[in-house]
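**Student:** Structure supplied as start-v5.txt; contents: compact mmCIF, C-alpha atoms.
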# COMPACT_ATOMS: atom_id res chain seq x y z
CA MET E 248 82.79 101.97 126.35
CA ARG E 249 79.27 102.99 127.26
CA GLN E 250 76.26 103.72 125.14
CA LYS E 251 73.20 105.93 125.45
CA GLY E 252 70.16 105.15 123.35
CA ASN E 253 66.50 105.90 122.80
CA ARG E 254 63.59 104.52 120.82
CA ARG E 255 61.21 106.62 118.78
CA ARG E 256 58.40 106.03 116.32
CA THR E 257 59.09 106.33 112.62
CA THR E 258 57.10 105.84 109.43
CA ARG E 259 59.76 103.83 107.61
CA GLY E 260 60.07 100.07 107.29
CA SER E 261 61.78 97.30 105.36
CA LYS E 262 60.54 96.25 101.93
CA PRO E 263 58.91 92.90 101.41
CA GLY E 264 60.31 91.05 98.44
CA ARG E 265 61.95 88.06 96.90
CA CYS E 266 62.14 84.38 97.76
CA PRO E 267 62.54 83.55 100.56
CA ALA E 268 59.85 86.11 101.08
CA ALA E 269 60.74 88.98 103.34
CA THR E 270 58.58 89.21 106.44
CA PRO E 271 56.26 92.22 106.06
CA ILE E 272 56.76 95.08 108.51
CA ASP E 273 53.97 97.56 109.22
CA PRO E 274 55.57 101.03 108.88
CA ALA E 275 53.02 102.45 111.32
CA THR E 276 54.41 100.27 114.11
CA ALA E 277 58.12 100.38 113.21
CA ALA E 278 60.60 102.32 115.28
CA THR E 279 64.09 103.80 115.18
CA VAL E 280 66.76 102.97 117.74
CA SER E 281 69.30 105.76 118.02
CA GLY E 282 71.92 106.92 120.45
CA THR E 283 75.52 107.90 121.10
CA VAL E 284 78.50 105.73 122.02
CA LYS E 285 80.83 107.46 124.46
CA PHE E 286 84.33 106.76 125.71
CA ASP E 287 84.97 107.15 129.44
CA GLY E 288 88.35 108.40 130.64
CA ALA E 289 91.35 109.75 128.77
CA ALA E 290 91.51 108.61 125.16
CA PRO E 291 94.80 107.03 124.04
CA LYS E 292 96.81 109.01 121.53
CA ALA E 293 96.62 107.56 118.04
CA ALA E 294 99.91 105.97 116.97
CA LYS E 295 101.55 107.30 113.83
CA ILE E 296 102.08 104.78 111.04
CA ASP E 297 105.31 104.65 109.07
CA MET E 298 104.42 104.18 105.39
CA SER E 299 107.91 104.86 104.02
CA GLN E 300 108.27 101.35 102.59
CA ASP E 301 106.12 102.47 99.64
CA SER E 302 106.83 105.89 98.12
CA ASN E 303 103.37 105.85 96.53
CA CYS E 304 101.73 105.97 99.96
CA ALA E 305 101.57 109.73 100.39
CA GLY E 306 100.38 111.73 103.37
CA SER E 307 100.17 110.96 107.07
CA ASN E 308 98.46 107.99 108.62
CA THR E 309 97.50 107.02 112.17
CA ALA E 310 96.13 103.85 113.73
CA GLU E 311 92.34 103.57 113.87
CA ASN E 312 91.95 100.87 116.52
CA ILE E 313 90.56 103.46 118.96
CA VAL E 314 89.24 106.72 117.51
CA VAL E 315 87.82 109.17 120.06
CA SER E 316 86.74 112.76 119.49
CA GLY E 317 85.26 114.85 122.28
CA GLY E 318 84.53 111.73 124.32
CA HIS E 319 82.68 110.07 121.42
CA LEU E 320 83.79 106.66 120.16
CA GLU E 321 83.90 106.02 116.41
CA ASN E 322 83.84 102.69 114.51
CA VAL E 323 81.58 100.78 116.89
CA PHE E 324 79.38 98.26 115.07
CA ILE E 325 75.84 98.17 116.46
CA TYR E 326 73.35 95.51 115.43
CA VAL E 327 70.27 93.57 116.54
CA LYS E 328 71.81 90.41 117.96
CA GLU E 329 68.68 88.67 119.25
CA GLY E 330 64.92 89.05 118.96
CA LEU E 331 64.18 88.89 115.23
CA GLY E 332 63.31 85.19 115.35
CA SER E 333 62.70 83.61 111.96
CA ARG E 334 62.07 86.86 110.10
CA ALA E 335 63.55 87.02 106.59
CA PHE E 336 64.82 90.16 104.85
CA ASP E 337 65.67 91.11 101.29
CA VAL E 338 69.36 91.50 100.51
CA PRO E 339 70.01 95.07 99.28
CA LYS E 340 70.79 95.32 95.57
CA ASP E 341 73.08 98.32 96.06
CA PRO E 342 76.70 97.44 96.92
CA VAL E 343 78.67 98.78 99.87
CA THR E 344 81.85 100.52 98.66
CA LEU E 345 85.23 99.95 100.30
CA THR E 346 87.94 102.31 99.04
CA GLN E 347 91.72 102.11 99.34
CA SER E 348 92.98 105.68 99.48
CA GLY E 349 96.17 107.06 101.02
CA CYS E 350 97.15 103.43 101.67
CA LYS E 351 94.34 102.97 104.16
CA TYR E 352 90.90 101.40 103.99
CA LYS E 353 87.92 103.75 104.00
CA PRO E 354 85.71 103.15 105.91
CA HIS E 355 87.55 101.33 108.68
CA VAL E 356 84.39 99.44 109.69
CA ILE E 357 81.46 98.47 107.46
CA GLY E 358 78.32 96.38 107.76
CA VAL E 359 76.65 94.32 105.03
CA MET E 360 73.94 91.71 104.84
CA ALA E 361 74.95 88.17 103.98
CA GLY E 362 75.05 87.95 100.18
CA GLN E 363 75.27 91.71 99.65
CA THR E 364 77.95 92.92 97.24
CA ILE E 365 81.02 94.76 98.50
CA LYS E 366 82.62 96.89 95.77
CA ILE E 367 86.35 97.32 96.43
CA VAL E 368 88.03 100.29 94.76
CA ASN E 369 91.75 101.05 94.48
CA GLY E 370 92.19 104.83 94.47
CA ASP E 371 95.97 104.68 95.03
CA PRO E 372 98.86 104.73 92.54
CA THR E 373 100.14 101.44 93.95
CA THR E 374 99.06 97.80 93.95
CA HIS E 375 97.11 96.49 96.93
CA ASN E 376 96.53 92.92 97.99
CA ILE E 377 93.14 92.51 99.67
CA HIS E 378 93.04 89.54 102.05
CA PRO E 379 90.06 88.81 104.32
CA THR E 380 90.81 86.24 107.03
CA PRO E 381 87.37 85.03 108.16
CA LYS E 382 86.45 82.26 110.57
CA ASP E 383 83.07 81.33 109.10
CA ASN E 384 83.32 82.49 105.47
CA ARG E 385 85.53 81.63 102.51
CA GLU E 386 89.01 83.16 102.65
CA TRP E 387 90.42 84.81 99.54
CA ASN E 388 93.45 86.87 98.62
CA GLU E 389 93.45 89.05 95.51
CA SER E 390 95.73 91.75 94.10
CA GLN E 391 94.33 94.99 92.68
CA ALA E 392 96.52 97.22 90.49
CA PRO E 393 96.17 101.01 90.22
CA GLN E 394 93.19 102.04 88.08
CA ALA E 395 92.00 98.43 87.94
CA SER E 396 88.29 97.70 87.80
CA PRO E 397 86.59 97.40 91.19
CA LEU E 398 86.46 93.96 92.77
CA GLU E 399 83.00 92.71 93.69
CA LYS E 400 82.81 90.24 96.56
CA THR E 401 80.19 88.76 98.89
CA PHE E 402 80.20 86.86 102.16
CA ALA E 403 77.60 84.12 102.58
CA ARG E 404 77.52 83.70 106.37
CA GLU E 405 76.98 85.94 109.34
CA GLU E 406 80.28 86.97 110.93
CA ILE E 407 81.11 89.90 113.22
CA LEU E 408 84.46 91.70 113.02
CA LEU E 409 85.71 89.82 109.98
CA PRO E 410 89.26 91.19 109.53
CA VAL E 411 90.59 92.39 106.19
CA LYS E 412 94.26 93.21 105.60
CA CYS E 413 96.60 94.17 102.75
CA ASN E 414 99.56 91.86 102.26
CA GLN E 415 101.46 94.62 100.45
CA HIS E 416 100.99 97.19 103.24
CA PRO E 417 100.86 95.47 106.66
CA TRP E 418 99.41 98.50 108.46
CA MET E 419 96.27 98.43 106.32
CA ARG E 420 93.45 96.77 108.25
CA MET E 421 89.67 97.08 108.46
CA PHE E 422 86.65 95.03 109.54
CA VAL E 423 83.57 93.77 107.71
CA ASN E 424 80.50 92.82 109.74
CA VAL E 425 78.16 90.38 107.99
CA VAL E 426 74.64 90.13 109.41
CA LYS E 427 71.30 88.56 108.50
CA SER E 428 69.14 91.67 108.84
CA PRO E 429 69.26 95.34 107.78
CA PHE E 430 69.17 96.45 111.41
CA TYR E 431 72.72 97.64 112.02
CA ALA E 432 74.81 100.82 112.09
CA VAL E 433 78.36 102.06 112.65
CA SER E 434 79.02 104.93 115.06
CA GLY E 435 80.39 108.05 113.39
CA PRO E 436 82.99 110.59 114.57
CA ASP E 437 80.32 112.05 116.88
CA GLY E 438 79.58 108.60 118.31
CA LYS E 439 76.03 108.69 116.94
CA PHE E 440 74.18 105.76 115.39
CA GLU E 441 70.68 105.07 114.07
CA ILE E 442 68.86 101.84 113.22
CA LYS E 443 65.60 102.42 111.33
CA GLY E 444 62.48 100.41 110.60
CA LEU E 445 62.63 97.98 113.52
CA PRO E 446 59.33 96.12 114.12
CA PRO E 447 57.87 95.88 117.63
CA GLY E 448 59.58 93.33 119.83
CA ASP E 449 62.08 92.64 122.59
CA TYR E 450 65.63 92.87 121.31
CA THR E 451 69.23 92.57 122.36
CA ILE E 452 71.35 95.26 120.74
CA ALA E 453 75.09 94.50 120.57
CA PHE E 454 77.80 97.16 120.53
CA VAL E 455 81.04 95.68 119.18
CA HIS E 456 84.49 97.30 119.02
CA GLU E 457 87.73 95.77 117.74
CA LYS E 458 89.70 96.63 120.90
CA LEU E 459 87.10 97.22 123.60
CA GLY E 460 85.00 94.12 123.01
CA GLU E 461 81.23 93.79 123.13
CA ARG E 462 78.50 95.32 125.29
CA ASP E 463 74.88 94.16 124.98
CA GLN E 464 71.78 96.14 125.85
CA ARG E 465 68.16 95.01 126.01
Give the structure from the file, written as C-alpha cells.
**Tutor:**
Amino acid sequence: MRQKGNRRRTTRGSKPGRCPAATPIDPATAATVSGTVKFDGAAPKAAKIDMSQDSNCAGSNTAENIVVSGGHLENVFIYVKEGLGSRAFDVPKDPVTLTQSGCKYKPHVIGVMAGQTIKIVNGDPTTHNIHPTPKDNREWNESQAPQASPLEKTFAREEILLPVKCNQHPWMRMFVNVVKSPFYAVSGPDGKFEIKGLPPGDYTIAFVHEKLGERDQR
C-alpha cells in the first residue's frame, strides 16, 4: 500500500461550540489534506461468498478485505494520528448511518468521533445480529428484525479498526474507527480521500487497512 498526498489552502474550518469548548480554528489558515491511496502489484481476486444458508440473502456477494480498482485501494481509513495536542472538537450532531443490505454491511469501513451516534438500519427481509467486538469500548450484541426501527449506538473511546460482525451471517463483517477529532476520511473506489479544515501544524497522518496494516506519513 502506498499513498500520494498534497496540502492546499481552504476557507473551511471546524465550528467552535459546546463544553468542553472546541478550540477555535481560523478558516483563513486552515488547509485540506488530500490524495490517493494506490495498490502496487497484482490485486488478489475477490473471493465469492456463499450465502445459501439464508434464502433471504439474495444476490451475489464477495469479500471486501482487499478491494482494488484500477490500482486504487478502497476502504483505507486515514486520520490525523499525532499533532493536534490538547485541542478539543465538537461531536457532530448528525449520525453516521450503517445499513445492512443484501446481507452485507454498507459501508464496509466508517469513521465517527467518540460519542457520535451510529444509526444502524436493517434493509433486509431477515433478522441480523449486530455484534461489535471492541478492545477499548463496551461490547454489545443486539438482534434487529426486518423493518425494525434503527438502532442508535455510540462508542465512548478512541479505537481504530473496531470489528463488527453478524452472528446470524458469519460472512458479514465491517469496521468502525472511533477518533477524537473530525480529521479523518475513508478512501473511495478511486482511492481518493480528503481531510478538510486542518489548522496549521506538524502532523502524522495514519493510513490503516484491515489486511495491509498501517503506514504513517508526516
**Student:** Taking a cut-off of 8 Å and counting all atoms listed in the file, can you build a table that, for each residue of range 296-345 of chain E near range 360-379 of chain E, reports the nearest atom pair and how far apart they are in Å (one decimal), sorted by chain then residue number, as CSV?
**Tutor:**
residue,atom,partner,partner_atom,distance
E:Asn303,CA,E:Thr373,CA,6.0
E:Cys304,CA,E:Asp371,CA,7.7
E:Val338,CA,E:Gln363,CA,6.0
E:Pro339,CA,E:Gln363,CA,6.3
E:Lys340,CA,E:Gln363,CA,7.1
E:Asp341,CA,E:Thr364,CA,7.4
E:Pro342,CA,E:Thr364,CA,4.7
E:Val343,CA,E:Ile365,CA,4.9
E:Thr344,CA,E:Lys366,CA,4.7
E:Leu345,CA,E:Ile367,CA,4.8
**Student:** Which residues are near range 401-414 of chain E? Cut-off 10 Å, only C-alpha atoms, ignore same chain within fewer than 3 positions. Put them as a ChimeraX atom specification.
**Tutor:** /E:324,326,342,347,350-352,355-366,374-386,388-390,417-428,455-457
**Student:** Might you pull out every residue within 7 Å of range 286-299 of chain E, with only C-alpha atoms counted and same-chain residues fewer than 4 positions away left off, and present them as a list in words?
**Tutor:**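 Everything that qualifies: Met248, Arg249, Cys304, Asn308, Thr309, Ala310, Val315, Gly318, His319 and Leu320 of chain E.
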**Student:** Go ahead and dump the residues you just picked, C-alpha atoms, as a compact mmCIF listing (two decimals), in the coordinates of the input.
**Tutor:**
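Result saved to result.txt:
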# COMPACT_ATOMS: atom_id res chain seq x y z
CA MET E 248 82.79 101.97 126.35
CA ARG E 249 79.27 102.99 127.26
CA CYS E 304 101.73 105.97 99.96
CA ASN E 308 98.46 107.99 108.62
CA THR E 309 97.50 107.02 112.17
CA ALA E 310 96.13 103.85 113.73
CA VAL E 315 87.82 109.17 120.06
CA GLY E 318 84.53 111.73 124.32
CA HIS E 319 82.68 110.07 121.42
CA LEU E 320 83.79 106.66 120.16
**Student:** With all atoms listed in the file as the basis for distance, which of E:Pro429, E:Glu321, E:Val314, E:Gln464 is at the shortest distance from Pro446 in chain E?
**Tutor:** E:Pro429
**Student:** For Gln394 in chain E, which residue among E:Ile313, E:Ala277, E:Ser348, E:Lys439 is the nearest when counting all atoms listed in the file?
**Tutor:**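 Nearest candidate to Gln394 in chain E out of E:Ile313, E:Ala277, E:Ser348, E:Lys439: E:Ser348.
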**Student:** Report, in Å to a single decimal, how far apart CA of Ala432 in chain E and CA of Thr276 in chain E are.
**Tutor:**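 Result for CA of Thr276 in chain E versus CA of Ala432 in chain E: 20.5 Å, one decimal.
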**Student:** Just checking: using only C-alpha atoms, which residue out of E:Ile325, E:Leu398, E:Leu459, E:Ala305 ends up closest to Ser281 in chain E?
**Tutor:** E:Ile325
**Student:** Quick check, in Å to one decimal: how far apart do CA of Gly349 in chain E and CA of Val284 in chain E lie?
**Tutor:**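 These atoms are spaced 27.5 Å apart.
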**Student:** Rounded to one decimal place, report the CA of Lys328 in chain E-CA of Gly460 in chain E distance in Å.
**Tutor:**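 Pair CA of Lys328 in chain E / CA of Gly460 in chain E returns 14.6 Å.
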**Student:** Out of E:Asp437, E:Pro393, E:Ile442, E:Gly448, which residue has the shortest atom-to-atom distance to Gly317 in chain E when counting all atoms listed in the file?
**Tutor:**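 Among the listed residues, E:Asp437 lies closest to Gly317 in chain E.
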